[in-house]
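Peer 1: Quick one, entry-v3.txt (compact mmCIF, C-alpha atoms):
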```
# COMPACT_ATOMS: atom_id res chain seq x y z
CA MET D 30 15.26 -44.26 -21.90
CA LYS D 31 18.45 -42.45 -22.81
CA THR D 32 21.63 -44.48 -23.07
CA THR D 33 25.04 -43.01 -22.41
CA ASP D 34 27.94 -43.81 -24.68
CA ILE D 35 30.95 -44.73 -22.52
CA LYS D 36 34.41 -45.26 -23.96
CA TYR D 37 37.27 -46.69 -21.91
CA TYR D 38 40.97 -45.94 -22.32
CA LEU D 39 44.30 -46.97 -20.88
CA ILE D 40 46.78 -44.11 -20.53
CA ARG D 41 50.50 -44.93 -20.63
CA GLY D 42 49.65 -48.59 -19.99
CA LYS D 43 48.61 -47.98 -16.39
CA THR D 44 45.86 -45.37 -15.86
CA LEU D 45 42.30 -46.47 -16.59
CA ALA D 46 40.08 -43.66 -17.88
CA LYS D 47 36.57 -43.29 -19.26
CA ARG D 48 34.69 -40.70 -21.28
CA GLU D 49 30.92 -40.33 -21.01
CA GLU D 50 28.70 -38.27 -23.31
CA GLY D 51 31.66 -36.78 -25.14
CA TYR D 52 33.47 -34.61 -22.62
CA ASN D 53 32.76 -35.98 -19.14
CA CYS D 54 36.04 -37.69 -18.30
CA PHE D 55 37.05 -39.73 -15.27
CA LEU D 56 40.19 -41.48 -14.03
CA PHE D 57 40.03 -44.69 -11.98
CA ASN D 58 41.92 -44.44 -8.70
CA ASP D 59 41.74 -46.44 -5.45
CA GLY D 60 38.61 -48.33 -6.41
CA LYS D 61 36.56 -45.35 -7.62
CA TRP D 62 36.09 -43.02 -10.57
CA ASP D 63 37.41 -39.49 -9.98
CA TRP D 64 36.59 -36.49 -12.17
CA ASP D 65 39.50 -35.77 -14.55
CA GLU D 66 40.10 -32.21 -13.29
CA LYS D 67 43.40 -31.82 -15.14
CA ASN D 68 42.00 -33.04 -18.49
CA VAL D 69 44.52 -35.87 -18.68
CA LEU D 70 42.28 -37.94 -20.97
CA LEU D 71 41.08 -35.15 -23.30
CA ASP D 72 44.64 -33.82 -23.66
CA ARG D 73 45.77 -37.26 -24.86
CA LEU D 74 42.81 -37.62 -27.22
CA VAL D 75 43.56 -34.33 -29.01
CA GLY D 76 47.33 -34.71 -28.71
CA TYR D 77 47.81 -31.67 -26.49
CA ASP D 78 51.42 -31.47 -25.32
CA PRO D 79 51.81 -29.02 -22.41
CA ASP D 80 55.61 -29.24 -22.69
CA GLU D 81 55.66 -27.63 -26.16
CA PRO D 82 56.06 -23.82 -26.34
CA ASP D 83 52.78 -21.93 -26.80
CA ASP D 84 53.69 -20.81 -30.34
CA SER D 85 54.64 -24.35 -31.46
CA PRO D 86 52.54 -25.97 -34.19
CA TYR D 87 53.02 -29.27 -32.30
CA LYS D 88 51.26 -28.11 -29.12
CA THR D 89 48.03 -29.81 -30.31
CA GLY D 90 47.85 -32.87 -32.54
CA SER D 91 51.07 -34.39 -31.26
CA SER D 92 51.15 -38.04 -32.30
CA CYS D 93 53.60 -38.78 -29.45
CA VAL D 94 50.94 -37.71 -26.92
CA MET D 95 48.17 -39.48 -28.83
CA ASN D 96 50.19 -42.71 -28.78
CA GLU D 97 50.12 -42.69 -24.96
CA ILE D 98 46.47 -43.77 -25.04
CA GLU D 99 44.77 -47.00 -26.05
CA GLU D 100 41.01 -47.45 -26.47
CA LEU D 101 39.71 -50.53 -24.65
CA THR D 102 36.73 -52.79 -25.12
CA PHE D 103 34.26 -52.96 -22.25
CA GLU D 104 35.59 -56.40 -21.27
CA GLU D 105 39.22 -55.22 -21.25
CA ALA D 106 38.26 -52.17 -19.20
CA MET D 107 36.34 -54.26 -16.64
CA ARG D 108 39.26 -56.69 -16.28
CA ILE D 109 41.67 -53.81 -15.57
CA LEU D 110 39.14 -52.07 -13.30
CA ASN D 111 38.70 -55.31 -11.34
CA GLU D 112 42.46 -55.86 -11.03
CA LYS D 113 42.97 -52.31 -9.78
CA THR D 114 40.02 -52.48 -7.36
CA ILE D 115 41.01 -55.86 -5.93
CA GLY D 116 44.66 -54.75 -5.69
CA PHE D 117 43.62 -51.62 -3.80
CA LEU D 118 41.40 -53.64 -1.43
CA ILE D 119 44.07 -56.29 -0.81
CA ARG D 120 46.58 -53.58 0.16
CA LYS D 121 44.00 -52.11 2.55
CA TRP D 122 43.16 -55.51 4.05
CA LYS D 123 46.83 -56.39 4.49
CA ASP D 124 47.25 -53.21 6.55
CA ASP D 125 44.10 -53.95 8.55
CA LEU D 126 45.19 -57.54 9.24
CA ALA D 127 48.75 -56.54 10.17
CA ALA D 128 47.28 -54.45 12.97
CA VAL D 129 45.50 -57.46 14.53
CA LYS D 130 47.82 -60.33 13.52
CA THR D 131 50.32 -59.84 16.35
CA GLU D 132 47.54 -60.01 18.92
CA TRP D 133 46.01 -63.03 17.11
CA ASP D 134 49.40 -64.82 17.07
CA GLU D 135 49.79 -64.31 20.83
CA LYS D 136 46.29 -65.55 21.58
CA PRO D 137 44.82 -67.21 18.48
CA GLY D 138 41.09 -67.74 18.34
CA TRP D 139 40.75 -70.99 16.41
CA PRO D 140 42.46 -73.01 13.69
CA ALA D 141 40.80 -73.36 10.29
CA LYS D 142 41.45 -74.86 6.86
CA LEU D 143 40.44 -74.34 3.25
CA VAL D 144 39.44 -70.72 3.92
CA THR D 145 38.45 -68.78 0.80
CA THR D 146 36.28 -65.85 -0.22
CA SER D 147 34.82 -66.08 -3.73
CA PHE D 148 32.92 -63.32 -5.49
CA ILE D 149 31.87 -61.94 -8.84
CA LEU D 150 32.94 -58.44 -9.82
CA ASN D 151 31.71 -56.98 -13.12
CA GLY D 152 30.87 -60.44 -14.42
CA MET D 153 34.24 -62.03 -13.54
CA LYS D 154 34.79 -64.55 -10.74
CA TYR D 155 37.62 -64.25 -8.22
CA THR D 156 38.72 -66.18 -5.15
CA LEU D 157 40.81 -64.82 -2.28
CA VAL D 158 42.96 -67.12 -0.14
CA PRO D 159 44.99 -66.30 3.00
CA GLU D 160 48.21 -65.81 1.01
CA ASP D 161 46.54 -63.02 -0.99
CA LEU D 162 46.13 -61.09 2.26
CA GLY D 163 49.70 -61.57 3.43
CA LEU D 164 48.84 -64.51 5.67
CA THR D 165 50.38 -67.97 5.60
CA ASP D 166 48.66 -71.23 4.80
CA ASP D 167 48.94 -72.46 8.40
CA CYS D 168 45.74 -73.25 10.27
CA TRP D 169 46.02 -70.27 12.64
CA ASP D 170 46.38 -67.68 9.85
CA GLN D 171 43.48 -69.33 8.08
CA GLY D 172 41.48 -68.89 11.30
CA LEU D 173 42.35 -65.19 11.27
CA MET D 174 41.13 -64.85 7.69
CA GLU D 175 37.95 -66.69 8.63
CA LYS D 176 37.41 -64.18 11.44
CA PHE D 177 38.01 -61.30 8.97
CA GLN D 178 35.73 -62.67 6.22
CA GLY D 179 32.71 -60.67 7.42
CA GLU D 180 34.61 -57.41 6.86
CA ILE D 181 35.87 -58.64 3.47
CA CYS D 182 32.30 -59.48 2.42
CA LYS D 183 30.96 -56.09 3.50
CA VAL D 184 33.68 -54.17 1.64
CA LEU D 185 33.39 -56.29 -1.51
CA LYS D 186 29.64 -55.61 -1.68
CA LYS D 187 30.30 -51.89 -1.23
CA TYR D 188 32.53 -52.03 -4.32
CA GLY D 189 29.89 -53.84 -6.37
CA ALA D 190 30.78 -57.50 -5.87
CA THR D 191 27.95 -60.02 -6.02
CA SER D 192 27.63 -63.68 -5.12
CA VAL D 193 30.12 -63.28 -2.26
CA VAL D 194 30.70 -66.68 -0.66
CA ASN D 195 32.89 -67.19 2.39
CA SER D 196 34.00 -70.74 3.09
CA GLY D 197 36.29 -72.54 5.46
CA PHE D 198 36.28 -75.25 8.08
CA ILE D 199 37.31 -75.23 11.71
CA ASP D 200 40.32 -77.49 11.90
```
The structure given in the file should be rewritten as structure tokens.
Peer 2:
Amino acid sequence: MKTTDIKYYLIRGKTLAKREEGYNCFLFNDGKWDWDEKNVLLDRLVGYDPDEPDDSPYKTGSSCVMNEIEELTFEEAMRILNEKTIGFLIRKWKDDLAAVKTEWDEKPGWPAKLVTTSFILNGMKYTLVPEDLGLTDDCWDQGLMEKFQGEICKVLKKYGATSVVNSGFID
């Protein structure tokens, strides 16, 4: 079996990138790896500065450009990947819930308490509570999250989460 050497990087302290088998580079965006079409990662690795004139000796090998990148351990990369993925999903779920919250507030389904969704993503455990999704801690908003937990579970599994556990009690 052939193994692939994967190296992870953080560009300018915010963009997660990876390099596979030498020159296959990807940038992490909105919960998925996208091909690095503009060579953002490779340019940083060789110190290519597109702002320098073509005849400049500093066009390649620029330490300023090389300093914009930090190599990460697998664990550091997975922590950042998880934070970015969960952040992306929470923004999406907040939008989805905002669309149904007004209707729920006018005619709520049921009250609930202690509503959480726990899961493991890339070996790290996380727990979502109503406040994470822009809801309050009142029993009716917890009921709305409980109603929405099936969708949360389905999406988390799509993004690689395991051991997804929804919990909560009807109040």
Peer 1: If you measure from atom CA of D:Cys168 to atom CA of D:Lys186, what distance in Å do you get, rounded to one decimal?
Peer 2: 26.7 Å
Peer 1: In Å, how far is it from atom CA of D:Gly189 to atom CA of D:Ile149?
Peer 2: 8.7 Å
Peer 1: Using only C-alpha atoms, which protein or nucleic acid residues come within 10 Å of D:Tyr155? Drop anything in the same chain fewer than 5 positions from it, and give the result as a PyMOL selection string.
Peer 2: chain D and resi 111+115+146-150+190+193
Peer 1: Within 10 Å of (53.3, -32.8, -24.4) (coordinates as in the file), grab all the protein and nucleic acid residues, counting all atoms listed in the file, and write them out as a VMD selection string.
Peer 2: chain D and resid 72 to 73 76 to 82 87 to 95
Peer 1: At most 6 Å is the cut-off: for each residue in stretch 65-169 of chain D with any atom that close to an atom of stretch 37-60 of chain D, write down the nearest atom pair and the distance in Å rounded to one decimal, counting only C-alpha atoms, chain first then increasing number, as a tab-separated table.
Peer 2:
```
residue	atom	partner	partner_atom	distance
D:Asp65	CA	D:Phe55	CA	4.7
D:Glu97	CA	D:Arg41	CA	4.9
D:Ile98	CA	D:Ile40	CA	4.5
D:Glu99	CA	D:Leu39	CA	5.2
D:Glu100	CA	D:Tyr38	CA	4.4
D:Leu101	CA	D:Tyr38	CA	5.3
D:Thr114	CA	D:Gly60	CA	4.5
D:Phe117	CA	D:Asp59	CA	5.8
```
